[in-house]
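**Student:** Take a look at the following structure, please.
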Amino acid sequence: MCLSISKQANLNYLAHIVELSSIKLHPDANKLQVAEILNTTVITGLEAKQGDVYVYFPVESQLSGKFLKWSNAYAECGLNKDVTQKGFFGSNGRVRMIKLRGLYSDGYIVPYSSFELFVAEEYGVFMSYGVIGCKFDSVCGDIFINKYIPKTQGHGKVKNHEKSKPKFKRLLDHQFAFHPDTENLRNKLGDVSPFDYISITNKYHGCNCAVANILTNRPLSWVEKIAKFLKVKVVDKEYGMIYSSRTVVRNAEGHSKDGLKFTASVQSNVWKEVAEEIYPYLDKGIRVTGEIIGYDGYKEIQPKYDYGLTPGNHMFLVFKIDAVNVDGESYTFSHPQMVEYCKKKGLRMVDSYYYGLAKDLFDIPVDSDWHSNFIKKLSSEYLGKRDPLCSKDVPMEGVVISKEVPLHWNALKLKDLEFLGYETKMLDDDQHGAE
């Protein structure tokens, strides 16, 4: 297929083919319109009409330079196909959250007809119509859209990481799994049924951390190595501590989510401190995942989000617990199980606002409009608030809606639009914290 989702795609940063079903004039600008797309709003021009087919690109995605050049979308005229034309994209091709006359525009849209013409001219492929609901990150095998990652953000100051070869590998690959990216509720609202049991928890703005007490390779003495070579049974596995950030294992030999490898000697920071604090409370086979908030040493983990903590202090808040057996099979605790385990072990959890049937959260009829009314009520109840813990005036990030699925993790995030605008500004100013 010409439009496809690659294996490395981030599902939160896919392009969507959409039909404009709700569009109205901007209340404070007579040359702009506000379109409701995927349960959010995008500001566009007067040429857009209800029923038109468009391609939607989410905030903080990065678009194909080939497409931006073809569509004359760069702010720097020299980068465009027609150097007399000027757009508004920076050279990095990043989709920014913008606020126009008091309303946020949560994404960027182009007419499907324009996108169709681009594919025809650049790839020689003619697409007769757009399939409403189609999602993609690749066009004819080329990556067209991906998550924007600042050049200064990465795995840290690690040199020659591809050449580093650890002498001993502690990590058993089948025992450890990185926490999956949490998808956007606005794009996946249909996945939540009124009759699902859900939990709603606060989404803190910190950095991700997982700490596990799982099977690892045990270093052998030279005598044990000889015995093993001679086919003598030797215990070569033991339970031990493995901890990670969102994308990098921070001890052992430091495997990362993108396949790079790191030596353990460079991994010494807030993740290590949290792991040493949490590990003694974990039973064998338990992996906890949570958010670290506050400070990494004397630096805020996320700019302006101190959560009332002082320099040198941090807090770890659990939002997910898995049990991993000797074969590497992983089972996620339900919300009530997680609550009880954290109470038993003295671990702190993220704030929990609700647990029960989705239909019982709000007094709204279970009919064809339930989903749209549900997300409007969620937004009204939980978004648009200032963070009461932080010493600076900042918006709360949002909430996580977790759907109870036996033995598995199934969660969606709902971020505040003002917070997304704040994130955009932080990236504009080259201020971003740990992941």
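Identifiers in the structure tokens: chain A, B, ... in order shown; residue index from 1 per chain; ligand index from 1 in order shown.
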Excluding Leu412 in chain A and residues on its chain fewer than 4 positions from it, collect all residues at most 10 Å away from it, counting only C-alpha atoms, and give them as a list in words.

**Tutor:**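 So, after excluding close chain neighbours, the residues are Asp181, Thr182, Glu183, Asn184, Leu185, Arg186, Asn187, Lys188, Leu189, Asp191, Val192, Ile200, Val399, Val400, Ile401, Ser402 and Lys403 of chain A.
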
**Student:** If you keep N, CA and C atoms, can you produce a file of those selected residues as an mmCIF file, in the first residue's frame?

**Tutor:**
data_model
loop_
_atom_site.group_PDB
_atom_site.id
_atom_site.type_symbol
_atom_site.label_atom_id
_atom_site.label_comp_id
_atom_site.auth_asym_id
_atom_site.auth_seq_id
_atom_site.Cartn_x
_atom_site.Cartn_y
_atom_site.Cartn_z
ATOM 1 N N ASP A 181 4.413 3.333 24.810
ATOM 2 C CA ASP A 181 3.913 4.705 24.716
ATOM 3 C C ASP A 181 2.404 4.707 24.961
ATOM 4 N N THR A 182 1.956 5.635 25.783
ATOM 5 C CA THR A 182 0.527 5.750 26.069
ATOM 6 C C THR A 182 -0.133 6.560 24.961
ATOM 7 N N GLU A 183 -1.149 5.990 24.340
ATOM 8 C CA GLU A 183 -1.790 6.657 23.214
ATOM 9 C C GLU A 183 -2.762 7.740 23.679
ATOM 10 N N ASN A 184 -3.111 8.595 22.727
ATOM 11 C CA ASN A 184 -3.951 9.760 22.977
ATOM 12 C C ASN A 184 -5.429 9.362 22.977
ATOM 13 N N LEU A 185 -6.126 9.634 24.073
ATOM 14 C CA LEU A 185 -7.553 9.306 24.166
ATOM 15 C C LEU A 185 -8.360 9.963 23.057
ATOM 16 N N ARG A 186 -7.973 11.164 22.667
ATOM 17 C CA ARG A 186 -8.730 11.871 21.637
ATOM 18 C C ARG A 186 -8.760 11.071 20.327
ATOM 19 N N ASN A 187 -7.690 10.314 20.055
ATOM 20 C CA ASN A 187 -7.622 9.516 18.826
ATOM 21 C C ASN A 187 -8.212 8.128 18.994
ATOM 22 N N LYS A 188 -8.402 7.690 20.247
ATOM 23 C CA LYS A 188 -8.800 6.293 20.500
ATOM 24 C C LYS A 188 -10.058 6.231 21.374
ATOM 25 N N LEU A 189 -10.883 7.252 21.316
ATOM 26 C CA LEU A 189 -12.026 7.341 22.211
ATOM 27 C C LEU A 189 -12.968 6.153 22.057
ATOM 28 N N ASP A 191 -12.302 3.198 21.802
ATOM 29 C CA ASP A 191 -11.826 2.012 22.519
ATOM 30 C C ASP A 191 -12.421 1.891 23.912
ATOM 31 N N VAL A 192 -12.999 2.986 24.408
ATOM 32 C CA VAL A 192 -13.585 2.973 25.749
ATOM 33 C C VAL A 192 -15.099 2.777 25.628
ATOM 34 N N ILE A 200 -9.195 6.539 36.651
ATOM 35 C CA ILE A 200 -8.699 7.841 36.188
ATOM 36 C C ILE A 200 -7.678 8.324 37.199
ATOM 37 N N VAL A 399 -4.819 13.791 32.540
ATOM 38 C CA VAL A 399 -5.176 12.570 33.247
ATOM 39 C C VAL A 399 -4.906 11.358 32.364
ATOM 40 N N VAL A 400 -4.846 10.190 33.010
ATOM 41 C CA VAL A 400 -4.717 8.914 32.312
ATOM 42 C C VAL A 400 -5.968 8.092 32.608
ATOM 43 N N ILE A 401 -6.580 7.589 31.558
ATOM 44 C CA ILE A 401 -7.760 6.735 31.694
ATOM 45 C C ILE A 401 -7.312 5.305 31.385
ATOM 46 N N SER A 402 -7.323 4.454 32.399
ATOM 47 C CA SER A 402 -6.901 3.063 32.236
ATOM 48 C C SER A 402 -8.127 2.161 32.189
ATOM 49 N N LYS A 403 -8.176 1.349 31.167
ATOM 50 C CA LYS A 403 -9.283 0.417 30.979
ATOM 51 C C LYS A 403 -8.885 -0.951 31.531
#

**Student:** Extract the full set of helix (DSSP H, G or I) residues from range 271-328 of chain A according to DSSP on the backbone, and format it as an mmCIF file with N, CA and C atoms, in the first residue's frame.

**Tutor:**
data_model
loop_
_atom_site.group_PDB
_atom_site.id
_atom_site.type_symbol
_atom_site.label_atom_id
_atom_site.label_comp_id
_atom_site.auth_asym_id
_atom_site.auth_seq_id
_atom_site.Cartn_x
_atom_site.Cartn_y
_atom_site.Cartn_z
ATOM 1 N N TRP A 271 17.493 8.036 38.338
ATOM 2 C CA TRP A 271 16.922 6.698 38.153
ATOM 3 C C TRP A 271 17.598 5.686 39.096
ATOM 4 N N LYS A 272 18.909 5.833 39.240
ATOM 5 C CA LYS A 272 19.641 4.937 40.151
ATOM 6 C C LYS A 272 19.200 5.171 41.592
ATOM 7 N N GLU A 273 19.046 6.426 41.976
ATOM 8 C CA GLU A 273 18.615 6.743 43.341
ATOM 9 C C GLU A 273 17.239 6.149 43.630
ATOM 10 N N VAL A 274 16.315 6.318 42.692
ATOM 11 C CA VAL A 274 14.970 5.773 42.877
ATOM 12 C C VAL A 274 15.014 4.249 42.943
ATOM 13 N N ALA A 275 15.782 3.626 42.066
ATOM 14 C CA ALA A 275 15.873 2.164 42.053
ATOM 15 C C ALA A 275 16.372 1.632 43.395
ATOM 16 N N GLU A 276 17.383 2.280 43.964
ATOM 17 C CA GLU A 276 17.926 1.831 45.245
ATOM 18 C C GLU A 276 16.930 2.038 46.381
ATOM 19 N N GLU A 277 16.056 3.032 46.233
ATOM 20 C CA GLU A 277 15.019 3.275 47.239
ATOM 21 C C GLU A 277 13.880 2.258 47.142
ATOM 22 N N ILE A 278 13.509 1.896 45.913
ATOM 23 C CA ILE A 278 12.314 1.091 45.682
ATOM 24 C C ILE A 278 12.602 -0.410 45.699
ATOM 25 N N TYR A 279 13.739 -0.805 45.175
ATOM 26 C CA TYR A 279 14.035 -2.237 44.977
ATOM 27 C C TYR A 279 13.854 -3.086 46.236
ATOM 28 N N PRO A 280 14.285 -2.637 47.415
ATOM 29 C CA PRO A 280 14.143 -3.504 48.599
ATOM 30 C C PRO A 280 12.697 -3.890 48.917
ATOM 31 N N TYR A 281 11.715 -3.171 48.384
ATOM 32 C CA TYR A 281 10.313 -3.455 48.679
ATOM 33 C C TYR A 281 9.674 -4.416 47.668
#

**Student:** From the list A:Leu38, A:Met97, A:Val366, A:Asp322, which residue is nearest Phe195 in chain A when using only C-alpha atoms?

**Tutor:**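 Closest residue, counting only C-alpha atoms: A:Val366.
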
**Student:** Give me every strand (DSSP E or B) residue in range 47-263 of chain A, going by DSSP on the backbone, as a PyMOL selection string.

**Tutor:** chain A and resi 53-57+61-63+74+89+94+98-100+103-105+108-111+135-136+138-139+142-143+145-147+171+183-184+197-203+207-217+237-244+248-249+255-256+261

**Student:** Could you please determine the separation between CA of Asp52 in chain A and CA of Val119 in chain A in Å, to one decimal place?

**Tutor:**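 That distance, rounded to one decimal, is 18.8 Å.
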
**Student:** Give me, as a compact mmCIF listing (two decimals) with C-alpha atoms, in the first residue's frame, all polymer residues having an atom no more than 12 Å from Asp137 in chain A, counting only C-alpha atoms and skipping those fewer than 2 positions away in the same chain.

**Tutor:**
# COMPACT_ATOMS: atom_id res chain seq x y z
CA CYS A 2 1.12 3.55 -0.66
CA LEU A 3 0.10 4.72 2.82
CA SER A 4 1.28 2.50 5.67
CA ILE A 5 2.38 2.36 9.29
CA SER A 6 6.02 1.39 9.72
CA LYS A 7 7.29 -0.97 12.42
CA GLN A 8 9.06 1.89 14.24
CA ALA A 9 6.06 4.23 14.15
CA ASN A 10 5.00 6.13 17.26
CA LEU A 11 1.23 5.69 17.29
CA ASN A 12 0.71 9.13 18.84
CA TYR A 13 2.31 10.82 15.83
CA LEU A 14 0.53 9.34 12.85
CA ALA A 15 -1.19 11.26 10.07
CA HIS A 16 -4.98 10.76 9.89
CA ILE A 17 -7.32 11.10 6.92
CA VAL A 55 -5.15 15.06 6.31
CA TYR A 56 -4.51 15.83 9.98
CA PHE A 57 -1.04 16.00 11.56
CA PRO A 58 -0.76 16.10 15.39
CA SER A 61 5.08 15.71 14.97
CA GLN A 62 7.73 16.33 12.32
CA LEU A 63 6.69 16.34 8.67
CA SER A 64 8.51 15.27 5.54
CA CYS A 134 -6.81 5.80 7.52
CA LYS A 135 -3.67 6.40 9.63
CA VAL A 139 4.26 7.19 2.00
CA CYS A 140 5.46 4.69 -0.59
CA GLY A 141 8.01 3.34 1.88
CA ASP A 142 9.40 6.74 2.93
CA ILE A 143 8.83 8.02 6.48
CA PHE A 144 6.50 10.98 6.07
CA ILE A 145 5.79 11.86 9.71
CA ASN A 146 7.38 11.04 13.06
CA LYS A 147 7.68 12.40 16.58
